[in-house]
file protein-v7.txt (compact mmCIF, C-alpha atoms)
# COMPACT_ATOMS: atom_id res chain seq x y z
CA MET D 372 -44.23 -0.29 -4.84
CA ILE D 373 -40.63 0.85 -5.40
CA ASP D 374 -41.52 1.60 -9.05
CA ASP D 375 -44.38 3.74 -7.71
CA THR D 376 -41.92 5.68 -5.55
CA SER D 377 -39.71 6.31 -8.56
CA TRP D 378 -42.73 7.41 -10.60
CA LEU D 379 -43.83 9.69 -7.74
CA ILE D 380 -40.41 11.40 -7.62
CA GLU D 381 -40.55 12.06 -11.36
CA LYS D 382 -44.06 13.46 -11.04
CA LEU D 383 -43.22 15.71 -8.05
CA ALA D 384 -40.07 17.01 -9.76
CA ALA D 385 -41.98 17.67 -13.00
CA GLU D 386 -44.51 19.86 -11.23
CA ALA D 387 -42.09 21.61 -8.82
CA ARG D 388 -42.46 25.35 -9.11
CA PRO D 389 -40.39 28.00 -7.28
CA VAL D 390 -41.60 28.51 -3.71
CA LYS D 391 -41.28 31.51 -1.43
CA ARG D 392 -39.24 30.56 1.62
CA LEU D 393 -40.72 31.40 5.01
CA ARG D 394 -38.97 34.17 6.87
CA PRO D 395 -37.11 33.17 10.08
CA PRO D 396 -39.54 32.22 12.87
CA GLY D 397 -38.14 34.82 15.26
CA LEU D 398 -38.81 37.59 12.75
CA ARG D 399 -42.33 36.31 11.99
CA ALA D 400 -43.08 36.17 15.73
CA ALA D 401 -41.72 39.71 16.22
CA LEU D 402 -43.89 41.06 13.39
CA TRP D 403 -47.04 39.44 14.80
CA LEU D 404 -46.25 40.63 18.34
CA ALA D 405 -45.61 44.17 17.08
CA ALA D 406 -48.95 44.26 15.22
CA ALA D 407 -50.89 42.76 18.16
CA GLY D 408 -49.05 45.07 20.60
CA ALA D 409 -49.95 48.16 18.56
CA LEU D 410 -53.65 47.20 18.49
CA ILE D 411 -53.71 46.46 22.22
CA ALA D 412 -51.86 49.68 23.08
CA LEU D 413 -54.38 51.63 21.01
CA ALA D 414 -57.33 49.93 22.78
CA ILE D 415 -55.79 50.56 26.22
CA TRP D 416 -55.10 54.22 25.44
CA ARG D 417 -58.58 54.73 23.98
CA PHE D 418 -60.83 52.70 26.31
CA SER D 419 -59.15 51.95 29.67
CA ASP D 420 -59.01 54.10 32.80
CA LEU D 421 -55.24 54.54 33.06
CA HIS D 422 -55.51 56.72 36.16
CA LEU D 423 -57.16 53.90 38.13
CA PHE D 424 -54.73 51.38 36.67
CA VAL D 425 -51.74 53.44 37.89
CA GLN D 426 -53.21 53.35 41.40
CA ARG D 427 -53.60 49.56 41.24
CA ALA D 428 -50.11 49.16 39.80
CA GLN D 429 -48.61 50.42 43.09
CA SER D 430 -48.82 46.79 44.18
CA ALA D 431 -45.50 45.03 43.52
CA ARG D 432 -47.36 41.71 43.39
CA LEU D 433 -49.53 42.92 40.51
CA ASP D 434 -46.46 44.23 38.69
CA TRP D 435 -44.73 40.84 38.97
CA GLU D 436 -47.88 39.04 37.92
CA MET D 437 -48.36 41.26 34.88
CA ALA D 438 -44.70 40.90 33.89
CA ALA D 439 -45.09 37.10 34.11
CA MET D 440 -48.30 37.20 32.00
CA LEU D 441 -46.68 39.33 29.31
CA LEU D 442 -43.51 37.26 29.26
CA THR D 443 -45.57 34.04 29.02
CA GLY D 444 -47.44 35.55 26.08
CA ILE D 445 -44.35 36.70 24.20
CA LEU D 446 -42.33 33.52 24.77
CA ALA D 447 -45.26 31.24 23.89
CA VAL D 448 -45.80 33.06 20.58
CA VAL D 449 -42.07 32.84 19.76
CA ALA D 450 -42.08 29.12 20.69
CA ALA D 451 -45.17 28.47 18.52
CA PHE D 452 -43.51 29.97 15.42
CA HIS D 453 -40.42 27.81 16.00
CA LEU D 454 -42.47 24.66 16.69
CA SER D 455 -44.45 25.13 13.49
CA LEU D 456 -41.32 24.19 11.50
CA PRO D 457 -40.45 20.51 11.02
CA ASP D 458 -36.85 20.58 12.26
CA ARG D 459 -37.21 22.57 15.47
CA ALA D 460 -36.75 20.76 18.80
CA ALA D 461 -39.86 19.92 20.82
CA ALA D 462 -38.07 21.59 23.75
CA TRP D 463 -39.21 24.96 22.35
CA ALA D 464 -42.55 24.15 24.00
CA LEU D 465 -40.86 24.57 27.38
CA LEU D 466 -39.81 28.18 26.70
CA PRO D 467 -42.91 29.90 28.17
CA LEU D 468 -43.16 27.54 31.14
CA PRO D 469 -40.95 29.42 33.70
CA PRO D 470 -42.92 32.72 33.54
CA PHE D 471 -46.18 30.74 33.28
CA ALA D 472 -45.26 28.83 36.46
CA LEU D 473 -44.41 32.11 38.19
CA TRP D 474 -47.75 33.60 37.12
CA LEU D 475 -49.71 30.53 38.30
CA ALA D 476 -47.83 30.49 41.61
CA SER D 477 -48.57 34.18 42.20
CA MET D 478 -52.23 33.64 41.26
CA GLY D 479 -52.36 30.62 43.57
CA VAL D 480 -51.10 32.62 46.55
CA ASN D 481 -53.49 35.44 45.72
CA CYS D 482 -56.43 33.04 45.34
CA TYR D 483 -55.61 31.49 48.70
CA ARG D 484 -55.53 34.97 50.32
CA HIS D 485 -58.82 36.04 48.72
CA TRP D 486 -60.54 32.75 49.51
CA PHE D 487 -60.70 33.72 53.20
CA THR D 488 -62.18 37.15 52.52
CA ASP D 489 -64.40 36.55 49.44
CA GLY D 490 -65.29 32.83 49.44
CA TRP D 491 -67.36 32.04 46.35
CA ALA D 492 -68.40 35.68 45.71
CA PRO D 493 -68.58 35.87 41.90
CA GLY D 494 -67.17 39.44 41.63
CA SER D 495 -66.62 40.19 37.94
CA SER D 496 -65.77 36.62 36.97
CA TRP D 497 -68.17 36.51 34.04
CA GLU D 498 -66.76 39.78 32.65
CA CYS D 499 -63.20 38.42 33.01
CA LEU D 500 -64.12 35.24 31.15
CA LYS D 501 -65.82 37.15 28.33
CA PHE D 502 -62.91 39.58 28.05
CA ILE D 503 -60.17 36.93 27.83
CA ILE D 504 -62.10 34.81 25.33
CA GLY D 505 -63.25 37.87 23.36
CA VAL D 506 -59.67 39.16 22.97
CA SER D 507 -58.17 35.70 22.40
CA VAL D 508 -60.46 34.71 19.51
CA PRO D 509 -59.44 37.40 16.97
CA LEU D 510 -55.79 37.38 18.08
CA GLY D 511 -55.72 33.57 18.05
CA ALA D 512 -57.34 33.37 14.61
CA SER D 513 -54.70 35.66 13.09
CA LEU D 514 -51.89 33.76 14.84
CA LEU D 515 -53.18 30.33 13.73
CA TYR D 516 -53.50 31.62 10.17
CA LEU D 517 -49.81 32.60 10.17
CA LEU D 518 -48.69 29.41 11.92
CA ARG D 519 -50.51 27.28 9.32
CA ARG D 520 -48.37 28.79 6.55
CA ALA D 521 -45.58 26.57 7.86
CA ALA D 522 -47.92 23.52 7.55
CA PRO D 523 -46.97 22.27 11.05
CA LEU D 524 -46.55 18.50 11.41
CA ALA D 525 -48.00 18.58 14.95
CA PRO D 526 -50.74 21.22 14.55
CA ALA D 527 -52.47 20.59 17.89
CA ARG D 528 -49.27 21.14 19.88
CA VAL D 529 -48.44 24.30 17.93
CA ALA D 530 -51.99 25.61 18.44
CA ALA D 531 -51.83 24.85 22.18
CA ILE D 532 -48.60 26.81 22.67
CA GLY D 533 -49.72 29.66 20.39
CA SER D 534 -53.07 29.98 22.15
CA LEU D 535 -51.34 29.97 25.55
CA GLY D 536 -49.49 33.03 24.28
CA VAL D 537 -52.64 34.70 23.02
CA ALA D 538 -54.63 33.99 26.21
CA SER D 539 -51.75 35.27 28.36
CA ILE D 540 -51.61 38.49 26.37
CA ALA D 541 -55.41 38.79 26.77
CA ALA D 542 -55.10 38.26 30.55
CA PHE D 543 -52.36 40.91 30.65
CA THR D 544 -54.59 43.35 28.73
CA LEU D 545 -57.49 42.59 31.11
CA GLN D 546 -55.56 44.15 34.01
CA PHE D 547 -55.89 47.58 32.36
CA PHE D 548 -59.68 47.19 32.26
CA HIS D 549 -60.00 45.71 35.75
CA PRO D 550 -59.52 48.76 38.00
CA PHE D 551 -61.24 47.19 41.03
CA GLU D 552 -60.31 44.77 43.76
CA VAL D 553 -60.34 41.19 42.48
CA THR D 554 -62.07 38.27 44.21
CA PHE D 555 -61.06 34.63 44.45
CA MET D 556 -63.52 33.79 41.68
CA ASP D 557 -62.12 36.54 39.40
CA LEU D 558 -58.65 35.07 39.71
CA ALA D 559 -59.82 31.49 39.28
CA THR D 560 -61.84 32.50 36.22
CA GLN D 561 -58.79 34.08 34.58
CA VAL D 562 -56.90 30.79 34.87
CA ILE D 563 -59.94 28.82 33.65
CA ALA D 564 -60.34 31.18 30.66
CA VAL D 565 -56.70 30.64 29.64
CA GLY D 566 -57.19 26.85 29.96
CA LEU D 567 -60.39 27.00 27.88
CA VAL D 568 -58.70 28.97 25.08
CA VAL D 569 -55.75 26.53 24.96
CA ALA D 570 -58.02 23.45 25.02
CA ALA D 571 -60.37 24.83 22.35
CA ALA D 572 -57.56 25.89 19.98
CA SER D 573 -55.68 22.59 20.18
CA ALA D 574 -58.90 20.53 19.83
CA TYR D 575 -59.93 22.60 16.80
CA GLU D 576 -56.57 22.16 15.09
CA ARG D 577 -56.53 18.42 15.85
CA LEU D 578 -60.00 17.99 14.32
CA ARG D 579 -59.07 20.15 11.35
CA SER D 580 -55.90 18.20 10.57
CA ARG D 581 -57.73 14.84 10.90
CA ARG D 582 -60.45 16.03 8.57
CA ALA D 583 -57.87 17.29 6.08
CA ALA D 584 -56.12 13.90 6.17
CA ARG D 585 -59.36 12.07 5.27
CA MET W 1401 -12.80 10.03 4.25
CA ASN W 1402 -14.61 8.72 7.36
CA SER W 1403 -18.40 8.29 7.61
CA ARG W 1404 -18.90 11.57 9.50
CA ASP W 1405 -17.10 13.51 6.75
CA ALA W 1406 -19.22 11.69 4.16
CA ASP W 1407 -22.42 12.60 6.06
CA ARG W 1408 -21.31 16.24 6.27
CA GLN W 1409 -20.55 16.34 2.55
CA ASN W 1410 -23.87 14.65 1.79
CA GLY W 1411 -25.69 17.13 4.04
CA ALA W 1412 -24.05 20.15 2.37
CA GLU W 1413 -24.89 18.76 -1.08
CA TRP W 1414 -28.51 18.12 -0.09
CA SER W 1415 -28.87 21.63 1.36
CA ALA W 1416 -27.57 23.12 -1.90
CA LEU W 1417 -29.88 20.89 -3.98
CA MET W 1418 -32.90 21.82 -1.86
CA ALA W 1419 -32.09 25.53 -2.15
CA ARG W 1420 -32.02 25.15 -5.95
CA ALA W 1421 -35.23 23.10 -5.83
CA GLN W 1422 -36.95 25.90 -3.87
CA ASP W 1423 -35.93 28.24 -6.69
CA GLY W 1424 -37.65 25.94 -9.20
CA ASP W 1425 -34.71 23.78 -10.41
CA ARG W 1426 -36.56 20.53 -11.24
CA LYS W 1427 -33.43 18.54 -12.06
CA ALA W 1428 -31.89 19.41 -8.66
CA TYR W 1429 -35.16 18.47 -6.95
CA GLU W 1430 -35.35 15.07 -8.66
CA THR W 1431 -31.68 14.36 -7.83
CA LEU W 1432 -32.26 15.32 -4.21
CA LEU W 1433 -35.39 13.16 -3.80
CA ARG W 1434 -33.70 10.14 -5.42
CA GLN W 1435 -30.65 10.52 -3.17
CA ALA W 1436 -32.82 11.04 -0.08
CA VAL W 1437 -35.13 8.02 -0.57
CA PRO W 1438 -32.74 5.42 0.99
CA TYR W 1439 -32.32 7.73 3.99
CA ILE W 1440 -36.12 8.17 4.30
CA ARG W 1441 -36.58 4.39 4.00
CA ALA W 1442 -34.11 3.80 6.82
CA VAL W 1443 -35.97 6.21 9.12
CA VAL W 1444 -39.39 4.79 8.20
CA ARG W 1445 -38.32 1.15 8.60
CA ARG W 1446 -37.33 1.77 12.20
CA ILE W 1447 -41.08 2.21 12.85
CA HIS W 1448 -42.72 0.17 10.04
CA ALA W 1449 -41.01 -3.18 9.48
CA ALA W 1450 -43.28 -4.56 6.69
CA PRO W 1451 -41.68 -3.49 3.35
CA ASP W 1452 -44.97 -2.85 1.45
CA ARG W 1453 -46.39 -0.76 4.29
CA SER W 1454 -43.14 1.13 4.82
CA GLU W 1455 -42.95 2.01 1.11
CA GLU W 1456 -46.38 3.66 1.34
CA VAL W 1457 -45.13 5.73 4.26
CA VAL W 1458 -42.00 6.64 2.23
CA GLN W 1459 -44.30 7.93 -0.53
CA ASP W 1460 -46.32 9.86 2.05
CA VAL W 1461 -43.08 11.42 3.34
CA LEU W 1462 -42.14 12.47 -0.22
CA LEU W 1463 -45.55 14.10 -0.67
CA THR W 1464 -45.16 15.93 2.66
CA VAL W 1465 -41.65 17.10 1.73
CA HIS W 1466 -43.14 18.46 -1.49
CA ARG W 1467 -45.95 20.24 0.37
CA VAL W 1468 -43.76 21.85 3.06
CA ARG W 1469 -40.58 22.47 1.02
CA HIS W 1470 -41.00 26.23 1.53
CA THR W 1471 -40.32 25.75 5.27
CA TYR W 1472 -36.74 24.55 4.72
CA ASP W 1473 -34.06 27.11 5.57
CA PRO W 1474 -30.94 26.44 3.42
CA ALA W 1475 -28.76 27.87 6.20
CA ARG W 1476 -29.67 24.84 8.34
CA PRO W 1477 -28.74 21.17 7.76
CA PHE W 1478 -31.15 19.27 5.50
CA GLY W 1479 -30.87 15.87 7.22
CA PRO W 1480 -32.60 16.77 10.51
CA TRP W 1481 -35.39 18.57 8.59
CA LEU W 1482 -36.01 15.49 6.44
CA ALA W 1483 -35.66 13.06 9.35
CA ALA W 1484 -38.18 15.04 11.44
CA ILE W 1485 -40.75 14.81 8.62
CA ALA W 1486 -40.07 11.09 8.05
CA ARG W 1487 -40.37 10.28 11.77
CA ARG W 1488 -43.54 12.33 12.19
CA ARG W 1489 -45.26 10.82 9.14
CA SER W 1490 -44.26 7.30 10.26
CA ILE W 1491 -45.77 7.88 13.70
CA ASP W 1492 -48.92 9.40 12.15
CA ALA W 1493 -49.28 6.33 9.88
CA LEU W 1494 -48.85 4.01 12.85
CA ARG W 1495 -51.50 5.88 14.88
CA ARG W 1496 -53.89 5.90 11.92
CA ARG W 1497 -53.44 2.18 11.42
CA ARG W 1498 -54.11 1.48 15.09
CA ARG W 1499 -57.24 3.67 15.02
CA THR W 1500 -58.50 1.91 11.90
CA GLU W 1501 -57.77 -1.55 13.29
CA ALA W 1502 -59.51 -0.67 16.55
CA HIS W 1503 -62.73 0.53 14.88
CA GLU W 1504 -63.01 -1.29 11.56
CA VAL W 1505 -62.75 -4.89 10.40
CA SER W 1506 -61.24 -5.58 7.01
CA ASP W 1507 -62.28 -8.87 5.43
CA ALA W 1508 -61.67 -8.82 1.70
CA VAL W 1509 -63.26 -12.24 1.08
CA ALA W 1510 -66.51 -11.30 2.77
CA TYR W 1511 -67.63 -8.93 0.03
CA GLU W 1512 -66.35 -11.02 -2.86
CA THR W 1513 -68.28 -14.22 -2.25
CA PHE W 1514 -71.21 -15.08 -0.01
CA ALA W 1515 -72.09 -18.59 1.15
CA ASP W 1516 -75.71 -18.05 0.14
CA PRO W 1517 -76.01 -18.42 -3.71
CA ALA W 1518 -78.86 -15.89 -3.76
CA ALA W 1519 -76.59 -13.33 -2.25
CA ASN W 1520 -74.00 -13.98 -4.96
CA ARG W 1521 -76.66 -13.45 -7.62
CA GLN W 1522 -77.52 -10.15 -5.96
CA GLU W 1523 -73.85 -9.24 -5.99
CA GLU W 1524 -73.59 -10.09 -9.67
CA LYS W 1525 -76.61 -7.96 -10.38
CA LEU W 1526 -75.05 -5.06 -8.56
CA ALA W 1527 -71.81 -5.59 -10.42
CA THR W 1528 -73.42 -4.61 -13.68
CA ALA W 1529 -72.23 -1.23 -14.88
CA ALA W 1530 -75.44 0.59 -13.99
CA GLY W 1531 -75.71 -0.98 -10.54
CA LEU W 1532 -72.11 -0.28 -9.69
CA ASN W 1533 -72.28 3.29 -10.93
CA ALA W 1534 -75.39 3.93 -8.86
CA ALA W 1535 -73.79 2.43 -5.75
CA VAL W 1536 -70.57 4.43 -6.19
CA ALA W 1537 -72.54 7.61 -6.88
CA GLY W 1538 -74.18 7.26 -3.47
CA LEU W 1539 -70.83 7.42 -1.65
CA PRO W 1540 -69.46 10.58 0.02
CA ALA W 1541 -67.29 12.64 -2.37
CA ARG W 1542 -63.88 11.63 -0.97
CA GLN W 1543 -64.74 7.92 -0.89
CA ARG W 1544 -66.16 8.13 -4.40
CA GLU W 1545 -62.96 9.76 -5.61
CA ALA W 1546 -60.80 7.07 -3.96
CA ILE W 1547 -62.86 4.23 -5.49
CA ARG W 1548 -62.88 5.89 -8.90
CA LEU W 1549 -59.10 6.38 -8.98
CA LEU W 1550 -57.93 3.18 -7.33
CA LYS W 1551 -60.53 0.58 -8.29
CA LEU W 1552 -62.20 1.81 -11.48
CA ARG W 1553 -59.22 3.48 -13.14
CA GLY W 1554 -56.76 1.09 -11.55
CA LEU W 1555 -54.19 3.74 -10.55
CA SER W 1556 -51.53 2.94 -7.96
CA LEU W 1557 -51.74 4.66 -4.57
CA ALA W 1558 -48.94 7.05 -5.52
CA GLU W 1559 -50.57 7.96 -8.84
CA ALA W 1560 -53.97 8.44 -7.20
CA SER W 1561 -52.38 10.55 -4.47
CA VAL W 1562 -50.78 12.93 -6.95
CA GLU W 1563 -53.94 13.16 -9.05
CA SER W 1564 -56.28 13.81 -6.13
CA GLY W 1565 -53.94 15.85 -3.93
CA THR W 1566 -54.83 13.50 -1.04
CA SER W 1567 -52.28 11.64 1.07
CA ILE W 1568 -51.72 7.92 0.47
CA ALA W 1569 -52.89 7.12 3.98
CA ALA W 1570 -56.11 9.10 3.46
CA LEU W 1571 -56.75 7.32 0.17
CA LYS W 1572 -56.37 3.94 1.85
CA VAL W 1573 -58.79 4.90 4.62
CA ASN W 1574 -61.30 6.29 2.10
CA VAL W 1575 -61.21 3.26 -0.19
CA HIS W 1576 -61.57 0.97 2.82
CA ARG W 1577 -64.59 2.92 4.04
CA ALA W 1578 -66.05 3.06 0.54
CA ILE W 1579 -65.87 -0.72 0.18
CA LYS W 1580 -67.45 -1.07 3.61
CA SER W 1581 -70.28 1.28 2.60
CA LEU W 1582 -70.81 -0.57 -0.70
CA ARG W 1583 -70.92 -3.87 1.16
CA LYS W 1584 -73.47 -2.47 3.61
CA ARG W 1585 -75.54 -1.21 0.69
CA MET W 1586 -75.42 -4.61 -0.99
CA THR W 1587 -76.46 -6.35 2.21
CA GLY W 1588 -79.34 -3.90 2.54
CA GLU W 1589 -80.52 -4.73 -0.96
CA ASN W 1590 -80.33 -8.44 -0.19
CA GLU W 1591 -82.54 -8.01 2.82
CA SER W 1592 -85.23 -6.06 0.97

call {"tool": "encode", "arguments": {"input": "protein-v7.txt", "output": "structure tokens"}}
result
Amino acid sequence: MIDDTSWLIEKLAAEARPVKRLRPPGLRAALWLAAAGALIALAIWRFSDLHLFVQRAQSARLDWEMAAMLLTGILAVVAAFHLSLPDRAAAWALLPLPPFALWLASMGVNCYRHWFTDGWAPGSSWECLKFIIGVSVPLGASLLYLLRRAAPLAPARVAAIGSLGVASIAAFTLQFFHPFEVTFMDLATQVIAVGLVVAAASAYERLRSRRAAR
Amino acid sequence: MNSRDADRQNGAEWSALMARAQDGDRKAYETLLRQAVPYIRAVVRRIHAAPDRSEEVVQDVLLTVHRVRHTYDPARPFGPWLAAIARRRSIDALRRRRRTEAHEVSDAVAYETFADPAANRQEEKLATAAGLNAAVAGLPARQREAIRLLKLRGLSLAEASVESGTSIAALKVNVHRAIKSLRKRMTGENES
């Protein structure tokens, strides 16, 4: 077996070609966020009703909630690029948790308030779900493609954190296309949609890496 | 020089060697891998005590290092990068082994000799070149490849891994499943 190891080293060295080093993870994250941000800004400018959004944005609670969503998205994407490298600490996964906790807490309070007025009224829940998943899929696919260039050793964890970022950015974008009063079910659906995106992305990457290992 | 100074010097040398290896310096790469193997072995043996099994994981770590060498940043220490890969691959191998042991039974003797003489004659018949080729041809592509490289051509796991571009662990799983499928096929022929 030890002879095999020695033979393997010779073989790997013999076929080693120059490789292009990955750029720093912070820079790669910034480039992806800039590209995604430009596309989203264009869509908001072109398709949303900004006048109605400005009226809704008078609410300080909504402003805090949106800031928490956006910060969760940005920090989760940055964390995913770091986690995709072998020598980065697992603690990077905790980076998006403070704004995510703030967002969930704010949603929780809001859900509780709306529960008494709306009950199970569906509102625009279905539209919210479709929007978050519809925006997350193309953004998530491009992000996973870039994250895979680092050949992450724990692909499911990297995909989970990256997709949390993507789904949070999608939920943030939704607010510009949601110029009406939300119901309890709308809010609950937004959280469920984020959970679905994270679960689907990590399950997909886990399956993919197991299949590749076979 | 104390051991911490030696580690630091070792780390700086490894970082420089890896940077040269990334630029295509084969000699530097071979020197680095040879120097790093005892370190990899030490990390792997903390998780896999059996020497033969741990050596397979060491080879898997080397293949992973080769595959992800573009992710190393020469401005950072090499040791933690290498140790993270070695630990992760060791844990993956352990999980894979537990999964395999939980779902599959390996009994090498069972498909070599049967108590019933008729079954042995069937086995001998199947062992003729044509019978064996037909049986192997019926296997899924990855299992067929594993059997061809490891059993028919007699390559070692490391050689087969380099040739097929598949990890050592995956080759072991595939050859195990291939033998299981062949055994099932032989049993089926006995029954008919």

call {"tool": "interface_residues", "arguments": {"input": "protein-v7.txt", "of": "chain D", "to": "chain W", "cutoff": "12 Å", "atoms": "all atoms listed in the file", "output": "MDAnalysis selection string"}}
result
chainID D and resid 372:396 452:461 518:526 580:585

call {"tool": "atom_distance", "arguments": {"input": "protein-v7.txt", "atom1": "CA of Leu1550 (chain W)", "atom2": "CA of Ala1450 (chain W)"}}
result
21.7 Å

call {"tool": "atom_distance", "arguments": {"input": "protein-v7.txt", "atom1": "CA of Ser1564 (chain W)", "atom2": "CA of Arg1577 (chain W)"}}
result
17.1 Å

call {"tool": "atom_distance", "arguments": {"input": "protein-v7.txt", "atom1": "CA of Tyr575 (chain D)", "atom2": "CA of Ser1581 (chain W)"}}
result
27.6 Å

call {"tool": "residues_around", "arguments": {"input": "protein-v7.txt", "residues": "Leu535 (chain D)", "least_positions_apart": "5", "cutoff": "8 Å", "atoms": "all atoms listed in the file", "output": "short mmCIF file (atom, residue, chain, number, x, y, z; two decimals) with C-alpha atoms, in the coordinates of the input"}}
result
data_model
loop_
_atom_site.label_atom_id
_atom_site.label_comp_id
_atom_site.auth_asym_id
_atom_site.auth_seq_id
_atom_site.Cartn_x
_atom_site.Cartn_y
_atom_site.Cartn_z
CA THR D 443 -45.57 34.04 29.02
CA GLY D 444 -47.44 35.55 26.08
CA ALA D 447 -45.26 31.24 23.89
CA VAL D 565 -56.70 30.64 29.64
CA GLY D 566 -57.19 26.85 29.96
CA VAL D 568 -58.70 28.97 25.08
CA VAL D 569 -55.75 26.53 24.96
#

call {"tool": "residues_around", "arguments": {"input": "protein-v7.txt", "residues": "Ile1447 (chain W)", "least_positions_apart": "3", "cutoff": "8 Å", "atoms": "all atoms listed in the file", "output": "PDB file with C-alpha atoms, in the coordinates of the input"}}
result
ATOM      1  CA  VAL W1443     -35.970   6.210   9.120  1.00  0.00           C
ATOM      2  CA  VAL W1444     -39.390   4.790   8.200  1.00  0.00           C
ATOM      3  CA  SER W1490     -44.260   7.300  10.260  1.00  0.00           C
ATOM      4  CA  ILE W1491     -45.770   7.880  13.700  1.00  0.00           C
ATOM      5  CA  LEU W1494     -48.850   4.010  12.850  1.00  0.00           C
TER       6      LEU W1494
END

call {"tool": "closest_residue", "arguments": {"input": "protein-v7.txt", "among": "D:Val562, D:Leu475, D:Leu517, D:Ala464", "to": "Cys499 (chain D)", "atoms": "only C-alpha atoms"}}
result
D:Val562
